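Chemist: Just so it is clear, I am handing over start_16.cif, which has mmCIF, C-alpha atoms.
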```
data_model
#
loop_
_atom_site.label_atom_id
_atom_site.label_comp_id
_atom_site.auth_asym_id
_atom_site.auth_seq_id
_atom_site.Cartn_x
_atom_site.Cartn_y
_atom_site.Cartn_z
CA MET A 1 35.14 16.51 0.64
CA LEU A 2 35.58 16.53 -3.09
CA PHE A 3 32.64 15.94 -5.41
CA PHE A 4 33.40 13.80 -8.45
CA GLN A 5 31.19 13.65 -11.52
CA PRO A 6 30.38 10.00 -12.46
CA LYS A 7 32.11 10.27 -15.83
CA ASN A 8 35.26 11.67 -14.19
CA ILE A 9 35.42 8.99 -11.50
CA MET A 10 36.85 6.41 -13.88
CA LYS A 11 39.58 8.85 -14.99
CA ASP A 12 40.46 9.62 -11.38
CA LEU A 13 40.48 5.93 -10.54
CA ALA A 14 42.94 5.28 -13.38
CA LYS A 15 45.24 8.02 -12.03
CA CYS A 16 45.51 6.42 -8.59
CA LYS A 17 48.86 4.73 -8.04
CA HIS A 18 48.14 2.27 -5.25
CA PRO A 19 45.02 0.05 -5.08
CA GLN A 20 44.71 0.45 -1.29
CA SER A 21 45.25 4.22 -1.12
CA ARG A 22 42.68 6.40 0.61
CA LYS A 23 41.80 8.13 -2.65
CA THR A 24 41.27 4.82 -4.48
CA LEU A 25 39.08 3.45 -1.69
CA ALA A 26 37.03 6.69 -1.60
CA LEU A 27 36.48 6.50 -5.36
CA ALA A 28 35.48 2.84 -5.07
CA ARG A 29 32.93 3.78 -2.39
CA LYS A 30 31.52 6.51 -4.66
CA ILE A 31 31.19 4.08 -7.56
CA LYS A 32 29.45 1.54 -5.34
CA LYS A 33 27.08 4.22 -4.02
CA ILE A 34 26.20 5.36 -7.55
CA ASN A 35 25.63 1.77 -8.68
CA ASN A 36 23.36 1.06 -5.71
CA ARG A 37 21.38 4.23 -6.40
CA GLU A 38 20.89 3.19 -10.03
CA LYS A 39 19.80 -0.33 -8.99
CA LYS A 40 17.23 1.18 -6.63
CA LYS A 41 15.88 3.42 -9.41
CA MET A 42 15.59 0.43 -11.73
CA GLY A 43 13.76 -1.56 -9.05
CA HIS A 44 11.19 1.20 -8.66
CA ALA A 45 10.79 1.47 -12.43
CA VAL A 46 10.22 -2.29 -12.77
CA LYS A 47 7.62 -2.27 -9.98
CA ALA A 48 5.85 0.72 -11.51
CA ASN A 49 5.82 -1.06 -14.87
CA VAL A 50 4.27 -4.23 -13.38
CA VAL A 51 1.63 -2.24 -11.49
CA GLY A 52 1.03 -0.18 -14.64
CA LYS A 53 0.32 -3.31 -16.68
CA LYS A 54 -2.09 -4.56 -14.02
CA LEU A 55 -3.93 -1.23 -13.85
CA GLY A 56 -3.90 -1.04 -17.66
CA TRP A 57 -5.78 -4.33 -17.81
CA PHE A 58 -8.44 -2.97 -15.44
CA ALA A 59 -8.65 0.35 -17.33
CA GLU A 60 -9.10 -1.53 -20.61
CA HIS A 61 -12.01 -3.52 -19.16
CA LEU A 62 -13.67 -0.43 -17.65
CA GLU A 63 -13.36 1.99 -20.59
CA ASP A 64 -17.06 2.47 -21.25
CA ARG A 65 -18.11 2.42 -17.60
CA THR A 66 -19.22 5.69 -15.96
CA GLU A 67 -20.32 4.58 -12.49
CA PRO A 68 -18.30 2.90 -9.73
CA LEU A 69 -18.43 -0.86 -9.42
CA SER A 70 -20.44 -2.72 -6.81
CA GLY A 71 -18.62 -5.20 -4.60
CA GLN A 72 -19.95 -8.14 -6.61
CA GLU A 73 -18.94 -6.57 -9.96
CA PHE A 74 -15.45 -5.78 -8.64
CA GLU A 75 -15.03 -9.35 -7.40
CA THR A 76 -16.13 -10.69 -10.81
CA LEU A 77 -13.72 -8.34 -12.57
CA ILE A 78 -10.83 -9.48 -10.37
CA ASP A 79 -11.74 -13.13 -11.05
CA GLU A 80 -11.57 -12.33 -14.79
CA TYR A 81 -8.17 -10.73 -14.18
CA LEU A 82 -6.96 -13.86 -12.42
CA ALA A 83 -8.18 -15.98 -15.36
CA ARG A 84 -6.40 -13.86 -17.99
CA PHE A 85 -3.72 -16.51 -18.67
CA ASN A 86 -6.08 -19.50 -19.02
CA GLU A 87 -6.10 -19.36 -22.81
CA GLU A 88 -2.29 -19.22 -23.00
CA LEU A 89 -1.98 -22.15 -20.57
CA GLU A 90 -4.37 -24.18 -22.70
CA GLN A 91 -2.27 -23.41 -25.79
CA ILE A 92 0.88 -24.57 -24.00
CA LYS A 93 -0.82 -27.81 -22.92
CA LEU A 94 -2.06 -28.36 -26.47
CA VAL A 95 1.46 -27.90 -27.91
CA GLN A 96 2.87 -30.25 -25.28
CA SER A 97 0.26 -32.92 -25.99
CA ILE A 98 0.88 -32.79 -29.75
CA ASN A 99 4.65 -32.89 -29.58
CA LYS A 100 5.58 -35.57 -27.05
CA GLN A 101 9.34 -35.28 -27.66
CA ARG A 102 9.37 -31.58 -26.77
CA ASN A 103 7.23 -31.88 -23.68
CA ASN A 104 9.01 -29.05 -21.88
CA GLN A 105 9.18 -26.61 -24.80
CA HIS A 106 7.32 -23.78 -23.03
CA ALA A 107 8.06 -24.90 -19.49
CA SER A 108 9.62 -21.63 -18.32
CA ARG A 109 6.67 -19.52 -19.56
CA GLU A 110 4.21 -21.97 -18.05
CA SER A 111 5.97 -21.97 -14.68
CA SER A 112 6.21 -18.17 -14.59
CA ILE A 113 2.49 -17.86 -15.37
CA LYS A 114 1.61 -20.42 -12.70
CA MET A 115 3.80 -18.71 -10.11
CA THR A 116 2.27 -15.32 -10.91
CA LEU A 117 -1.28 -16.66 -10.73
CA GLU A 118 -0.58 -18.58 -7.54
CA LYS A 119 0.77 -15.44 -5.88
CA GLU A 120 -2.09 -13.24 -7.08
CA VAL A 121 -4.79 -15.74 -6.06
CA HIS A 122 -3.14 -16.14 -2.66
CA ASP A 123 -2.98 -12.36 -2.25
CA PHE A 124 -6.62 -11.86 -3.31
CA ASN A 125 -7.87 -14.59 -0.98
CA GLY A 126 -5.59 -13.41 1.84
CA GLY A 127 -4.32 -9.89 2.44
CA GLY A 128 -5.48 -8.43 -0.87
CA LEU A 129 -4.31 -7.26 -4.28
CA GLU A 130 -2.96 -3.73 -4.48
CA LEU A 131 -5.56 -1.88 -6.57
CA PRO A 132 -7.47 1.39 -6.47
CA ASP A 133 -10.85 1.11 -4.77
CA LEU A 134 -13.13 1.09 -7.81
CA CYS A 135 -16.23 0.91 -5.59
CA ASP A 136 -15.56 4.44 -4.29
CA LYS A 137 -16.89 7.18 -6.58
CA GLN A 138 -13.93 9.57 -6.20
CA GLU A 139 -11.31 6.82 -6.63
CA PHE A 140 -13.18 5.52 -9.68
CA GLN A 141 -13.18 8.98 -11.28
CA LYS A 142 -9.44 9.39 -10.63
CA PHE A 143 -8.85 5.96 -12.18
CA GLN A 144 -10.92 6.90 -15.25
CA GLN A 145 -8.84 10.08 -15.64
CA TRP A 146 -5.55 8.17 -15.33
CA ASP A 147 -3.53 8.53 -18.54
CA GLY A 148 -2.08 5.01 -18.45
CA SER A 149 1.54 6.00 -17.78
CA SER A 150 3.53 4.29 -15.06
CA GLN A 151 4.83 7.67 -13.80
CA SER A 152 1.34 8.88 -12.85
CA ILE A 153 0.46 5.75 -10.85
CA GLN A 154 1.64 7.54 -7.73
CA HIS A 155 -1.39 9.86 -7.99
CA LEU A 156 -3.77 6.93 -7.59
CA LYS A 157 -4.53 5.84 -4.06
CA MET A 158 -3.93 2.11 -3.85
CA HIS A 159 -5.74 -0.20 -1.41
CA PHE A 160 -5.36 -3.87 -0.63
CA ILE A 161 -8.55 -5.36 -2.07
CA SER A 162 -9.35 -8.87 -0.82
CA ARG A 163 -12.21 -11.24 -1.54
CA LYS A 164 -13.35 -11.01 2.08
CA ARG A 165 -13.45 -7.20 1.94
CA LEU A 166 -15.53 -7.24 -1.25
CA GLN A 167 -17.94 -9.80 0.18
CA LEU A 168 -18.39 -7.68 3.32
CA LEU A 169 -18.96 -4.61 1.14
CA ASN A 170 -21.53 -6.57 -0.85
CA LYS A 171 -23.35 -7.69 2.33
CA ASP A 172 -23.36 -4.13 3.67
CA SER A 173 -24.87 -2.80 0.43
CA GLN A 174 -27.56 -5.53 0.53
CA VAL A 175 -28.40 -4.62 4.14
CA THR A 176 -28.61 -0.93 3.19
CA MET A 177 -30.95 -1.73 0.28
CA ALA A 178 -33.15 -3.88 2.55
CA VAL A 179 -33.46 -1.03 5.06
CA ASP A 180 -34.48 1.45 2.33
#
```
Step by step, read the file and then write its structure as structure tokens.
Modeler:
Amino acid sequence: MLFFQPKNIMKDLAKCKHPQSRKTLALARKIKKINNREKKKMGHAVKANVVGKKLGWFAEHLEDRTEPLSGQEFETLIDEYLARFNEELEQIKLVQSINKQRNNQHASRESSIKMTLEKEVHDFNGGGLELPDLCDKQEFQKFQQWDGSSQSIQHLKMHFISRKRLQLLNKDSQVTMAVD
């Protein structure tokens, strides 16, 4: 089997005489395979960027903290994270109330924020948001040492953190304190 460099594939494709020849079809398959590979890379990069922004928000709010969070503190921090767009939504509503003729001026931004919040709230109340466990001392230290780049996210161990899990963790810590 011949190996074609991506920049040479287009030249070879132009040389082919018949559109249904074996060589033309093989080159078309190679191009499709390369395109699919690039799409997959871009999908991973986009996901890493989104997760990086989410973790960046948490890192920004925990900069001066040296000890791991309790369950109650982590739940409060996540609630603050879920309320991060409230100010922007209020601004959009204010603009819409002032200018009645342009009632849908920021409709796409408003709908994307609402969809994002709805999904995140549903995840947090259900299966959980994908975050590092900031209640664990070792995970918290790794998170504090994280440099903020989306490439190094893979070194952080992510867990699905739900409201129910944090409430159980909080009850367990209260029971442990009562026993001491």
Chemist: Could you tell me which of A:Lys54, A:Arg65, A:Arg22, A:Arg163 comes closest to Gly126 (chain A) if we count all atoms listed in the file?
Modeler: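 Using all atoms listed in the file, the shortest distance to Gly126 (chain A) belongs to A:Arg163.
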Chemist: Take every atom of region 71-74 of chain A listed in the file, pad by 3 Å on each side, and give me the axis-aligned box centre and edge lengths in Å, one decimal, as JSON.
Modeler:
```
{"center_x": -17.7, "center_y": -6.7, "center_z": -7.3, "size_x": 10.5, "size_y": 8.9, "size_z": 11.4}
```
Chemist: In Å to one decimal, how far is CA of Ala45 (chain A) from CA of Ala26 (chain A)?
Modeler: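 One can read the CA of Ala26 (chain A) to CA of Ala45 (chain A) distance as 28.9 Å.
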Chemist: Tell me which of A:Glu110, A:Glu38, A:Glu63, A:Asp123 sits closest to Ile78 (chain A), counting all atoms listed in the file.
Modeler: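 Looking at the shortest contact to Ile78 (chain A), the residue is A:Asp123.
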Chemist: Evaluating the PyMOL selection byres ((chain A and resi 106) around 12) on the displayed file yields which residues, as a list in words?
Modeler: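 Checked against the file, the PyMOL selection byres ((chain A and resi 106) around 12) matches Glu88, Leu89, Glu90, Gln91, Ile92, Lys93, Leu94, Val95, Gln96, Ser97, Asn99, Arg102, Asn103, Asn104, Gln105, Ala107, Ser108, Arg109, Glu110, Ser111, Ser112 and Ile113 of chain A.
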Chemist: Compute the distance from (-3.1, -4.1, -17.5) to each atom, counting only C-alpha atoms, keep the residues with any atom at most 12 Å away, and return them as a VMD selection string; use the coordinates of the file.
Modeler: chain A and resid 48 to 62 78 81 to 82 84 131 148 to 150
Chemist: Residues of the last selection are to be written out with C-alpha atoms, as a PDB file, keeping the file's coordinate frame.
Modeler:
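Written file, out-v4.pdb:
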```pdb
ATOM      1  CA  ALA A  48       5.850   0.720 -11.510  1.00  0.00           C
ATOM      2  CA  ASN A  49       5.820  -1.060 -14.870  1.00  0.00           C
ATOM      3  CA  VAL A  50       4.270  -4.230 -13.380  1.00  0.00           C
ATOM      4  CA  VAL A  51       1.630  -2.240 -11.490  1.00  0.00           C
ATOM      5  CA  GLY A  52       1.030  -0.180 -14.640  1.00  0.00           C
ATOM      6  CA  LYS A  53       0.320  -3.310 -16.680  1.00  0.00           C
ATOM      7  CA  LYS A  54      -2.090  -4.560 -14.020  1.00  0.00           C
ATOM      8  CA  LEU A  55      -3.930  -1.230 -13.850  1.00  0.00           C
ATOM      9  CA  GLY A  56      -3.900  -1.040 -17.660  1.00  0.00           C
ATOM     10  CA  TRP A  57      -5.780  -4.330 -17.810  1.00  0.00           C
ATOM     11  CA  PHE A  58      -8.440  -2.970 -15.440  1.00  0.00           C
ATOM     12  CA  ALA A  59      -8.650   0.350 -17.330  1.00  0.00           C
ATOM     13  CA  GLU A  60      -9.100  -1.530 -20.610  1.00  0.00           C
ATOM     14  CA  HIS A  61     -12.010  -3.520 -19.160  1.00  0.00           C
ATOM     15  CA  LEU A  62     -13.670  -0.430 -17.650  1.00  0.00           C
ATOM     16  CA  ILE A  78     -10.830  -9.480 -10.370  1.00  0.00           C
ATOM     17  CA  TYR A  81      -8.170 -10.730 -14.180  1.00  0.00           C
ATOM     18  CA  LEU A  82      -6.960 -13.860 -12.420  1.00  0.00           C
ATOM     19  CA  ARG A  84      -6.400 -13.860 -17.990  1.00  0.00           C
ATOM     20  CA  LEU A 131      -5.560  -1.880  -6.570  1.00  0.00           C
ATOM     21  CA  GLY A 148      -2.080   5.010 -18.450  1.00  0.00           C
ATOM     22  CA  SER A 149       1.540   6.000 -17.780  1.00  0.00           C
ATOM     23  CA  SER A 150       3.530   4.290 -15.060  1.00  0.00           C
TER      24      SER A 150
END
```
Chemist: So how many Å separate CA of Glu73 (chain A) and CA of Lys47 (chain A), to one decimal?
Modeler: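 CA of Glu73 (chain A) sits 26.9 Å away from CA of Lys47 (chain A).
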Chemist: Skip Glu120 (chain A) itself and residues of its chain fewer than 4 positions away, then list as a list in words all residues within 8 Å of it, counting only C-alpha atoms.
Modeler: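 In the requested form, the answer reads Leu82, Thr116, Phe124 and Leu129 of chain A.
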Chemist: Rank nothing, just name the residue among A:Asp64, A:Asn125, A:Asp133, A:Leu27 nearest to Asp79 (chain A), using all atoms listed in the file.
Modeler: A:Asn125
Chemist: Determine the nearest neighbour of Cys16 (chain A) from the options A:Ala28, A:Glu118, A:Met158, A:Thr66, counting all atoms listed in the file.
Modeler: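 Ranked by minimum distance to Cys16 (chain A), first place goes to A:Ala28.
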Chemist: Starting from the PyMOL selection byres ((chain A and resi 154-157) around 7), expand the selection into actual residues of this file and give them as a ChimeraX atom specification.
Modeler: /A:132,142-143,151-153,158-159
Chemist: Find the distance between CA of Ala83 (chain A) and CA of Ile161 (chain A) and write it in Å to one decimal.
Modeler: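 These two atoms are separated by 17.0 Å.
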